[in-house]
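See structure below.
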Amino acid sequence: MLLMWKEIMEQPSAIERNFASNSPKIDQILEEISNRNIHCVYTAARGTSNHAAFYGKYALEMTVGIPVSLGAPSITTIYGKKVNFENCLVIAISQSGKAADALEVIKEANRQGALTISITNYPDSPLALEAKYHLCCEAEPELSVAATKTFTSQMFPFALLAAKWAKDNELIQELKKIPEKLTETFKLADIIENRVERYRFMNECFVLSRGANYPIALESALKIQETTYVRAKAFPTSEFYHGPIAMLDREIPAILYAPEGPSFKNLQEMALKLKDKEVETVVVSNNAEMLSMGTTAFRIPETSNDLISPFLCAAVAQMFACKLSLAKGLNPDSPRSLSKVTITL
């Protein structure tokens with residue numbers, strides 16, 4: 001079986017292990033947080049891991065209200081400058097745990113006495129060993145170059161940390177249901193395989209969303225780029241109006257992640273705009289009216305929290321990219337010019 005597809009399907013079990021492994025660790029972290037004057041969170045990551053951190057920003061700011069900075073590791077590694085990490089929770093995210101720039105951020109944060117956490121898939125990796133606390137993805141080895149199960153397994157600790165920090169028991173219960181919701185989402189596999197043929201000759205596209213699903217739009221664009229070589233560009237719908245909308249063209253499809261939630265009205269307005277401009281649109285939603293506005297539509301399961309639907313949208317994004325790559329006669333397991341581990345300073 002294709003590795004990327006196999007690993008996409010392994011996400012429910014990975015999330016179950018993730019919850020069991022990290023729940024007690026997060027309780028320890030929160031006990032220390034309660035004894036410190038933590039006033040902000042700083043994340044260090046690249047690529048897919050940075051998209052997971054971006055989701056974490058939404059999760060923590062929405063539930064706890066604490067500001068989260070998506071850090072620029074080059075401030076430490078390239079410019080040799082120090083960021084003041086006093087009273088800061090510093091989180092480094094890396095699938096392999098070998099991200100050199102994120103490691104340098106954690107080392108500097110430790111020198112300053114900051115509270116540090118790493119999120120990796122390897123407990124014996126440099127990042128895992130350097131940070132005071134390690135939250136493991138529990139995704140088992142990921143062999144395909146394109147990160148899939150490790151992406152959602154990096155998102156999940158952020159969601160669980162946010163829910164426990166906010167003492168939001170309802171959200172914790174919703175997080176426990178994600179494996180079941182993902183399994184339901186995977187029932188779209190045959191539909192996606194049949195419908196990607198329509199986009200076999202697509203050379204560029206826009207990927208749009210807003211709020212907690214905007215990081216999924218970014219990750220969706222990245223998956224399409226690395227597995228199909230399509231020039232995919234992601235935007236939040238709020239920013240798309242500020243210039244990029246001028247690029248709308250009937251020859252350039254748009255993918256819209258638009259589940260029900262606080263951002264739905266804005267996404268609905270964008271769907272109407274795309275339809276008015278006769279743009280070929282792929283809609284991913286759980287709202288019947290929204291789905292009817294797409295040229296192609298994929299219905300995800302119902303969710304009651306805006307922090308849950310990103311996991312389901314991510315699964316659709318991964319399946320779409322994988323099947324589109326195959327439709328184009330490519331091998332998504334071996335994208336050109338890419339390797340599994342990228343070391344950036």
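Ligands are numbered from 1 in the order shown, residues from 1 within each chain, and chains are lettered A, B, ... in the order they appear in the structure tokens.
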Those of stretch 125-307 of chain A in DSSP strand (DSSP E), formatted as a list of chain:residue names: A:Tyr133, A:His134, A:Leu135, A:Cys136, A:Glu204, A:Cys205, A:Phe206, A:Val207, A:Leu208, A:Ser209, A:Arg231, A:Ala232, A:Lys233, A:Ala234, A:Phe235, A:Pro236, A:Ala254, A:Ile255, A:Leu256, A:Tyr257, A:Thr281, A:Val282, A:Val283, A:Val284, A:Ser285, A:Thr296, A:Ala297, A:Phe298, A:Arg299
Against stretch 259-272 of chain A, which residues of stretch 124-215 of chain A fall within 12 Å? For each one I want the closest pair of atoms and the distance in Å (one decimal), counting only C-alpha atoms, rows by chain and increasing residue number, as a Markdown table.
```
| residue | atom | partner | partner_atom | distance |
| --- | --- | --- | --- | --- |
| A:Val207 | CA | A:Met270 | CA | 11.8 |
| A:Leu208 | CA | A:Leu267 | CA | 8.6 |
| A:Ser209 | CA | A:Leu267 | CA | 6.8 |
| A:Arg210 | CA | A:Ser263 | CA | 6.3 |
| A:Gly211 | CA | A:Ser263 | CA | 6.3 |
| A:Ala212 | CA | A:Ser263 | CA | 8.8 |
| A:Asn213 | CA | A:Pro259 | CA | 8.6 |
| A:Tyr214 | CA | A:Ser263 | CA | 10.4 |
```
Selection near stretch 1-12 of chain A, 6 Å with only C-alpha atoms, sequence-local residues under 6 positions removed, as a PyMOL selection string: chain A and resi 144+148-149+179+333
Keeping N, CA and C atoms, export the residues of the selection given above as a tab-separated table (two decimals), in the first residue's frame.
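What ended up in part.tsv:
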```
chain	number	residue	atom	x	y	z
A	144	SER	N	6.52	8.05	4.81
A	144	SER	CA	6.29	8.88	3.63
A	144	SER	C	6.88	10.26	3.85
A	148	THR	N	1.66	13.51	7.44
A	148	THR	CA	0.20	13.44	7.54
A	148	THR	C	-0.21	13.17	8.99
A	149	LYS	N	0.03	11.94	9.43
A	149	LYS	CA	-0.39	11.60	10.80
A	149	LYS	C	0.38	12.40	11.84
A	179	PRO	N	-10.90	10.57	17.11
A	179	PRO	CA	-10.64	9.34	16.34
A	179	PRO	C	-11.89	8.81	15.64
A	333	ASP	N	4.78	9.46	-2.28
A	333	ASP	CA	5.74	9.01	-1.27
A	333	ASP	C	7.15	9.54	-1.52
```
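Minimum atom-to-atom distances from A:Cys322, A:Met293, A:Ile191, A:Leu256 to A:Lys223 were compared using only C-alpha atoms, and the lowest value belongs to A:Cys322.
With only C-alpha atoms as the atoms that count, the minimum distance from A:Met247 to the choices A:Ile216, A:Glu204, A:Val230, A:Lys323 is reached by A:Glu204.
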